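First comes the structure, then the notes that go with it.
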Amino acid sequence: MEKWIGVVGGVGPFAGIDLLGKIAAQTAVSLDQDHLTVLNWSQPGTIVDRTEFLLGQVAENPAFALAEQVVQLAKMGASVVGIPCNTAHAPRIFNPLRAELAAAHCDVQLLHMIEEVGRFLQEQLPGAKQIGVLSTTGTYRARVYVDVLEPLGFTAVLPPLTLQTEKIHPAIYDPVYGLKACGLATDQAQENLRLGLDHLKAAGAEAVILGCTELPLAFAEATAVGLPLIDPTLILARALIREANPAKLKPL
């Protein structure tokens, strides 16, 4: 029986919209009616910023608001749920989120986007060992990708902290030119991210994970500076289809 997909779409809203588009694009269909049922719950105002929590700038753990929205999606009929926010998968957020769902007796299948990226790398890029990561500073400091990739035999290559905080994070968060504010890559954001990519390539990265779900909005191509770009939003979209109805998942 085909499952309904739930999306916690407000973290952030542009990333949620991007995930919805990729779910549709990766579903094998002939007619409108062939598409999967997807429920998008976008209520960003109730979820505090994940990076601000991880950096100690706010005390409220966003896990509880995230759990409320997952429960709401389950009540609406969703059986498999994805959260298009890399930083939300930091253990300090994702573990309490899972505990809240268990306490609420919510048995929805909540996918772990970072683990899905690790699975993708094992299946599609097994020969690559040095994997660059561009992300928010919250994901960076919480070792979200490092702690998933290293047990799988990959080495995470990160920008130096100064480049991370002065260029990469602002490309996402700056209120004037950042991806979250604009929903697209301004010239300044593109320049900042190119500096990050150049550094990762020079440091030996063989591929680069776009480890914030706004980052794919900045790249129209699947490669940059000669390196494959790994899109976690696309991987999550395909994983949601796989769990909802594997017969409808387009081949890579």
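Please note that chains go A, B, ... in the order of the structure tokens, that every chain numbers its residues from 1, and that ligands are numbered from 1 in the order shown.
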
Per-residue nearest contacts segment 123-195 of chain A to segment 219-241 of chain A, cut-off 9 Å, using only C-alpha atoms, as a tab-separated table:
```
residue	atom	partner	partner_atom	distance
A:Ala185	CA	A:Phe219	CA	8.1
A:Gln190	CA	A:Phe219	CA	8.9
A:Arg194	CA	A:Val225	CA	8.2
```

Convert the current residue selection to file output with C-alpha atoms, as a PDB file, in the first residue's frame.
```
ATOM      1  CA  ALA A 185      22.173  32.981  -4.789  1.00  0.00           C
ATOM      2  CA  GLN A 190      28.129  32.907  -4.851  1.00  0.00           C
ATOM      3  CA  ARG A 194      33.228  29.696  -4.382  1.00  0.00           C
TER       4      ARG A 194
END
```

Counting only C-alpha atoms, what is within 7 Å of segment 166-170 of chain A, bar same-chain residues fewer than 6 positions away, as a PyMOL selection string? chain A and resi 136-137+178+192-193+196

I need the chosen residues saved as a compact mmCIF listing (two decimals), in the first residue's frame, with N, CA, C and O atoms.
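Dumped everything to again25.txt:
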```txt
# COMPACT_ATOMS: atom_id res chain seq x y z
N THR A 136 26.00 25.18 7.54
CA THR A 136 25.90 26.23 8.56
C THR A 136 26.96 25.99 9.64
O THR A 136 27.51 24.89 9.77
N THR A 137 27.21 27.00 10.42
CA THR A 137 28.18 26.84 11.51
C THR A 137 27.64 25.91 12.59
O THR A 137 28.40 25.23 13.27
N GLY A 178 22.07 36.71 1.94
CA GLY A 178 22.07 35.28 2.22
C GLY A 178 20.94 34.52 1.54
O GLY A 178 19.91 35.09 1.17
N ASN A 192 31.22 33.99 -1.92
CA ASN A 192 31.59 33.36 -0.65
C ASN A 192 31.69 31.84 -0.80
O ASN A 192 32.65 31.21 -0.32
N LEU A 193 30.69 31.25 -1.44
CA LEU A 193 30.67 29.80 -1.58
C LEU A 193 31.78 29.30 -2.49
O LEU A 193 32.35 28.23 -2.26
N GLY A 196 34.81 28.82 -0.52
CA GLY A 196 34.74 27.57 0.23
C GLY A 196 35.04 26.37 -0.64
O GLY A 196 35.80 25.47 -0.24
```

Compile a residue-level contact table for segment 119-188 of chain A against segment 93-108 of chain A at a cut-off of 12 Å, reporting for every qualifying residue the shortest atom pair and its distance in Å to one decimal, with only C-alpha atoms counted, rows ordered by chain and ascending number, as a tab-separated table.
```
residue	atom	partner	partner_atom	distance
A:Gly138	CA	A:Ile93	CA	11.2
A:Thr139	CA	A:Ile93	CA	11.2
A:Ala142	CA	A:Ile93	CA	10.3
A:Val144	CA	A:Phe94	CA	10.6
```

Would you please extract all strand (DSSP E) residues from segment 12-249 of chain A, as assigned by DSSP on the backbone, and give them as a PyMOL selection string? chain A and resi 38-41+80-82+109-110+130-135+155-157+207-211+223-224+227-230

Using only C-alpha atoms, can you tell me which of A:Val80, A:Leu39, A:Val148, A:Leu163 comes closest to Leu197 of chain A?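 The shortest atom-to-atom distance to Leu197 of chain A comes from A:Leu163.
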
Residue contacts of segment 6-19 of chain A (6 Å, only C-alpha atoms) excluding same-chain residues fewer than 6 positions away, as an MDAnalysis selection string: chainID A and resid 38:44 73 78 81:83 85 213:214 233

List the spatial neighbours of Leu36 of chain A as a short mmCIF file (atom, residue, chain, number, x, y, z; two decimals) with N, CA, C and O atoms, in the first residue's frame - criterion: any atom at most 12 Å away, only C-alpha atoms, same-chain residues fewer than 3 positions off excluded.
```cif
data_model
loop_
_atom_site.label_atom_id
_atom_site.label_comp_id
_atom_site.auth_asym_id
_atom_site.auth_seq_id
_atom_site.Cartn_x
_atom_site.Cartn_y
_atom_site.Cartn_z
N MET A 1 0.85 -1.20 0.00
CA MET A 1 0.00 0.00 0.00
C MET A 1 0.89 1.25 0.00
O MET A 1 1.84 1.33 0.78
N GLU A 2 0.57 2.18 -0.87
CA GLU A 2 1.37 3.39 -0.98
C GLU A 2 1.22 4.27 0.26
O GLU A 2 0.11 4.49 0.75
N LYS A 3 2.35 4.76 0.76
CA LYS A 3 2.34 5.59 1.95
C LYS A 3 2.25 7.07 1.58
O LYS A 3 2.71 7.48 0.52
N TRP A 4 1.68 7.84 2.48
CA TRP A 4 1.67 9.29 2.31
C TRP A 4 2.97 9.87 2.89
O TRP A 4 3.43 9.44 3.96
N ILE A 5 3.53 10.84 2.19
CA ILE A 5 4.76 11.50 2.62
C ILE A 5 4.42 12.78 3.38
O ILE A 5 3.55 13.54 2.97
N GLY A 6 5.13 13.01 4.47
CA GLY A 6 5.02 14.26 5.21
C GLY A 6 6.32 15.03 5.15
O GLY A 6 7.40 14.44 5.23
N LEU A 20 9.84 19.63 -2.07
CA LEU A 20 8.59 19.25 -2.73
C LEU A 20 8.81 19.10 -4.24
O LEU A 20 8.33 18.15 -4.86
N ILE A 23 10.77 15.89 -4.94
CA ILE A 23 9.93 14.70 -4.81
C ILE A 23 9.14 14.49 -6.10
O ILE A 23 9.10 13.38 -6.66
N ALA A 24 8.53 15.55 -6.60
CA ALA A 24 7.75 15.43 -7.84
C ALA A 24 8.65 15.05 -9.01
O ALA A 24 8.29 14.19 -9.83
N ALA A 25 9.83 15.66 -9.09
CA ALA A 25 10.72 15.43 -10.23
C ALA A 25 11.31 14.03 -10.24
O ALA A 25 11.64 13.49 -11.30
N GLN A 26 11.45 13.42 -9.06
CA GLN A 26 12.06 12.10 -8.96
C GLN A 26 11.04 10.97 -8.96
O GLN A 26 11.42 9.81 -8.81
N THR A 27 9.77 11.30 -9.12
CA THR A 27 8.72 10.29 -9.15
C THR A 27 8.40 9.93 -10.59
O THR A 27 8.16 10.81 -11.43
N ALA A 28 8.40 8.65 -10.88
CA ALA A 28 8.10 8.16 -12.23
C ALA A 28 6.59 8.17 -12.44
O ALA A 28 5.86 7.39 -11.81
N VAL A 29 6.11 9.07 -13.32
CA VAL A 29 4.68 9.22 -13.54
C VAL A 29 4.40 9.45 -15.01
O VAL A 29 5.28 9.84 -15.78
N LEU A 31 0.90 10.73 -15.49
CA LEU A 31 -0.23 11.65 -15.31
C LEU A 31 -0.12 12.34 -13.96
O LEU A 31 0.57 11.85 -13.05
N ASP A 32 -0.83 13.44 -13.80
CA ASP A 32 -0.91 14.10 -12.49
C ASP A 32 -1.31 13.11 -11.41
O ASP A 32 -0.77 13.11 -10.29
N GLN A 33 -2.26 12.25 -11.77
CA GLN A 33 -2.83 11.34 -10.78
C GLN A 33 -1.85 10.27 -10.30
O GLN A 33 -2.10 9.60 -9.30
N LEU A 39 2.18 15.75 2.04
CA LEU A 39 1.64 16.75 2.97
C LEU A 39 2.78 17.65 3.42
O LEU A 39 3.77 17.16 3.98
N ALA A 78 0.25 11.13 7.19
CA ALA A 78 1.60 10.82 6.72
C ALA A 78 2.15 9.60 7.45
O ALA A 78 1.99 9.46 8.67
N VAL A 80 5.52 8.41 6.36
CA VAL A 80 6.96 8.60 6.28
C VAL A 80 7.22 10.09 6.16
O VAL A 80 6.59 10.78 5.36
N ALA A 237 14.62 13.45 -0.92
CA ALA A 237 13.44 13.28 -1.79
C ALA A 237 13.36 11.85 -2.30
O ALA A 237 12.29 11.21 -2.26
N LEU A 240 12.41 9.40 0.47
CA LEU A 240 10.98 9.46 0.81
C LEU A 240 10.14 8.69 -0.22
O LEU A 240 9.22 7.95 0.14
N ILE A 241 10.49 8.84 -1.50
CA ILE A 241 9.79 8.08 -2.54
C ILE A 241 10.03 6.58 -2.35
O ILE A 241 9.12 5.76 -2.47
N ARG A 242 11.29 6.23 -2.08
CA ARG A 242 11.65 4.82 -1.87
C ARG A 242 10.81 4.19 -0.78
O ARG A 242 10.35 3.04 -0.90
N GLU A 243 10.57 4.91 0.29
CA GLU A 243 9.80 4.37 1.40
C GLU A 243 8.30 4.44 1.16
O GLU A 243 7.55 3.62 1.71
N ALA A 244 7.85 5.41 0.36
CA ALA A 244 6.42 5.55 0.10
C ALA A 244 5.94 4.55 -0.94
O ALA A 244 4.89 3.91 -0.78
N ASN A 245 6.70 4.43 -2.03
CA ASN A 245 6.35 3.48 -3.10
C ASN A 245 7.59 3.30 -3.98
O ASN A 245 7.80 4.08 -4.92
N PRO A 246 8.42 2.32 -3.70
CA PRO A 246 9.68 2.17 -4.43
C PRO A 246 9.49 1.98 -5.94
O PRO A 246 10.38 2.30 -6.72
N ALA A 247 8.34 1.49 -6.36
CA ALA A 247 8.08 1.29 -7.79
C ALA A 247 8.02 2.61 -8.55
O ALA A 247 8.18 2.62 -9.77
N LYS A 248 7.80 3.71 -7.82
CA LYS A 248 7.68 5.02 -8.48
C LYS A 248 8.97 5.84 -8.43
O LYS A 248 8.98 6.99 -8.86
N LEU A 249 10.05 5.26 -7.92
CA LEU A 249 11.31 5.99 -7.84
C LEU A 249 12.04 5.91 -9.17
O LEU A 249 12.35 4.83 -9.66
#
```

Best match for closeness to Pro91 of chain A among A:Leu54, A:Leu66, A:Val117, A:Leu125, counting only C-alpha atoms: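 Using only C-alpha atoms, Pro91 of chain A sits closest to A:Leu54.
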
Å distance separating atom CA of Arg141 of chain A from atom CA of Lys22 of chain A, one decimal place: 28.3 Å

Based on the backbone DSSP call, show me all residues of segment 5-171 of chain A assigned helix (DSSP H, G or I), as a PyMOL selection string. chain A and resi 13-25+32-34+44-46+50-54+63-76+87-89+91-103+113-124+137-141+146-152+161-171

Choose the residue, out of A:Gln109, A:Ala181, A:Lys201, A:Asp49, that has the smallest atom-to-atom separation from Gly77 of chain A; count only C-alpha atoms.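 That would be A:Gln109, the residue with the smallest distance to Gly77 of chain A.
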
Could you jot down the atom CA of Ala128 of chain A to atom CA of Pro216 of chain A separation for me, Å, one decimal place? 20.8 Å

So that I can check the surroundings of Pro159 of chain A, please list as a ChimeraX atom specification every protein, DNA and RNA residue that reaches within 8 Å of it, counting only C-alpha atoms and ignoring chain neighbours fewer than 3 positions away. /A:133-134,163-164,196,199-200

Go ahead and save the residues from that selection, with N, CA, C and O atoms, as a compact mmCIF listing (two decimals), in the first residue's frame.
```txt
# COMPACT_ATOMS: atom_id res chain seq x y z
N VAL A 133 32.51 19.32 2.95
CA VAL A 133 31.20 19.68 3.49
C VAL A 133 31.09 21.20 3.61
O VAL A 133 31.91 21.84 4.29
N LEU A 134 30.11 21.77 2.95
CA LEU A 134 29.71 23.16 3.17
C LEU A 134 28.42 23.13 3.98
O LEU A 134 27.50 22.36 3.66
N LEU A 163 37.08 30.87 7.67
CA LEU A 163 36.35 30.88 6.40
C LEU A 163 34.90 30.48 6.61
O LEU A 163 33.98 31.05 6.01
N GLN A 164 34.67 29.51 7.48
CA GLN A 164 33.32 29.05 7.78
C GLN A 164 32.47 30.18 8.34
O GLN A 164 31.33 30.41 7.89
N GLY A 196 34.81 28.82 -0.52
CA GLY A 196 34.74 27.57 0.23
C GLY A 196 35.04 26.37 -0.64
O GLY A 196 35.80 25.47 -0.24
N HIS A 199 38.73 26.12 -1.47
CA HIS A 199 39.52 25.62 -0.34
C HIS A 199 39.35 24.11 -0.19
O HIS A 199 40.34 23.38 0.01
N LEU A 200 38.12 23.62 -0.29
CA LEU A 200 37.88 22.18 -0.12
C LEU A 200 38.59 21.38 -1.20
O LEU A 200 39.17 20.32 -0.93
```

Polymer residues at most 10 Å from Leu149 of chain A, only C-alpha atoms, same-chain spacing of 4 or more positions, as a list in words: Ile114, Glu115, Val117, Gly118, Arg119, Leu121, Gln122, Lys129, Gln130, Ile131, Arg143, Val144, Tyr145, Gly153, Phe154, Thr155 and Ala156 of chain A

With N, CA, C and O atoms retained, could you export that selection as a PDB file, in the first residue's frame?
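Result file is out.pdb:
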```pdb
ATOM      1  N   ILE A 114      20.974  12.782   7.060  1.00  0.00           N
ATOM      2  CA  ILE A 114      22.433  12.651   7.023  1.00  0.00           C
ATOM      3  C   ILE A 114      22.826  11.185   6.819  1.00  0.00           C
ATOM      4  O   ILE A 114      23.755  10.879   6.067  1.00  0.00           O
ATOM      5  N   GLU A 115      22.119  10.272   7.471  1.00  0.00           N
ATOM      6  CA  GLU A 115      22.385   8.849   7.257  1.00  0.00           C
ATOM      7  C   GLU A 115      22.060   8.444   5.823  1.00  0.00           C
ATOM      8  O   GLU A 115      22.748   7.581   5.241  1.00  0.00           O
ATOM      9  N   VAL A 117      22.462  10.381   3.261  1.00  0.00           N
ATOM     10  CA  VAL A 117      23.602  10.862   2.467  1.00  0.00           C
ATOM     11  C   VAL A 117      24.756   9.862   2.562  1.00  0.00           C
ATOM     12  O   VAL A 117      25.412   9.546   1.559  1.00  0.00           O
ATOM     13  N   GLY A 118      25.019   9.356   3.766  1.00  0.00           N
ATOM     14  CA  GLY A 118      26.060   8.349   3.927  1.00  0.00           C
ATOM     15  C   GLY A 118      25.777   7.111   3.099  1.00  0.00           C
ATOM     16  O   GLY A 118      26.676   6.556   2.451  1.00  0.00           O
ATOM     17  N   ARG A 119      24.525   6.691   3.089  1.00  0.00           N
ATOM     18  CA  ARG A 119      24.121   5.530   2.286  1.00  0.00           C
ATOM     19  C   ARG A 119      24.355   5.799   0.797  1.00  0.00           C
ATOM     20  O   ARG A 119      24.859   4.937   0.066  1.00  0.00           O
ATOM     21  N   LEU A 121      26.535   7.860  -0.564  1.00  0.00           N
ATOM     22  CA  LEU A 121      27.972   7.865  -0.853  1.00  0.00           C
ATOM     23  C   LEU A 121      28.512   6.442  -0.957  1.00  0.00           C
ATOM     24  O   LEU A 121      29.324   6.134  -1.833  1.00  0.00           O
ATOM     25  N   GLN A 122      28.071   5.577  -0.069  1.00  0.00           N
ATOM     26  CA  GLN A 122      28.522   4.188  -0.122  1.00  0.00           C
ATOM     27  C   GLN A 122      28.108   3.509  -1.424  1.00  0.00           C
ATOM     28  O   GLN A 122      28.867   2.730  -2.001  1.00  0.00           O
ATOM     29  N   LYS A 129      37.005   9.016  -0.912  1.00  0.00           N
ATOM     30  CA  LYS A 129      37.243   8.913   0.534  1.00  0.00           C
ATOM     31  C   LYS A 129      37.254  10.270   1.233  1.00  0.00           C
ATOM     32  O   LYS A 129      36.940  10.365   2.411  1.00  0.00           O
ATOM     33  N   GLN A 130      37.635  11.324   0.511  1.00  0.00           N
ATOM     34  CA  GLN A 130      37.703  12.669   1.094  1.00  0.00           C
ATOM     35  C   GLN A 130      36.476  13.450   0.635  1.00  0.00           C
ATOM     36  O   GLN A 130      36.361  13.800  -0.541  1.00  0.00           O
ATOM     37  N   ILE A 131      35.562  13.725   1.544  1.00  0.00           N
ATOM     38  CA  ILE A 131      34.290  14.358   1.187  1.00  0.00           C
ATOM     39  C   ILE A 131      34.216  15.739   1.840  1.00  0.00           C
ATOM     40  O   ILE A 131      34.198  15.863   3.063  1.00  0.00           O
ATOM     41  N   ARG A 143      29.428  18.642  14.289  1.00  0.00           N
ATOM     42  CA  ARG A 143      30.025  17.481  13.621  1.00  0.00           C
ATOM     43  C   ARG A 143      28.952  16.564  13.019  1.00  0.00           C
ATOM     44  O   ARG A 143      29.081  15.342  13.019  1.00  0.00           O
ATOM     45  N   VAL A 144      27.899  17.181  12.502  1.00  0.00           N
ATOM     46  CA  VAL A 144      26.767  16.407  12.014  1.00  0.00           C
ATOM     47  C   VAL A 144      27.194  15.434  10.924  1.00  0.00           C
ATOM     48  O   VAL A 144      26.818  14.247  10.947  1.00  0.00           O
ATOM     49  N   TYR A 145      27.972  15.911   9.975  1.00  0.00           N
ATOM     50  CA  TYR A 145      28.437  15.027   8.902  1.00  0.00           C
ATOM     51  C   TYR A 145      29.664  14.223   9.313  1.00  0.00           C
ATOM     52  O   TYR A 145      29.800  13.043   8.943  1.00  0.00           O
ATOM     53  N   GLY A 153      33.917   5.100   6.747  1.00  0.00           N
ATOM     54  CA  GLY A 153      35.189   5.060   6.056  1.00  0.00           C
ATOM     55  C   GLY A 153      35.519   6.297   5.249  1.00  0.00           C
ATOM     56  O   GLY A 153      36.527   6.319   4.527  1.00  0.00           O
ATOM     57  N   PHE A 154      34.708   7.348   5.373  1.00  0.00           N
ATOM     58  CA  PHE A 154      34.972   8.598   4.675  1.00  0.00           C
ATOM     59  C   PHE A 154      35.638   9.598   5.626  1.00  0.00           C
ATOM     60  O   PHE A 154      35.413   9.555   6.839  1.00  0.00           O
ATOM     61  N   THR A 155      36.422  10.497   5.067  1.00  0.00           N
ATOM     62  CA  THR A 155      36.984  11.596   5.831  1.00  0.00           C
ATOM     63  C   THR A 155      36.267  12.880   5.425  1.00  0.00           C
ATOM     64  O   THR A 155      36.222  13.218   4.240  1.00  0.00           O
ATOM     65  N   ALA A 156      35.685  13.579   6.386  1.00  0.00           N
ATOM     66  CA  ALA A 156      35.022  14.850   6.110  1.00  0.00           C
ATOM     67  C   ALA A 156      36.064  15.962   6.050  1.00  0.00           C
ATOM     68  O   ALA A 156      36.856  16.126   6.970  1.00  0.00           O
TER      69      ALA A 156
END
```
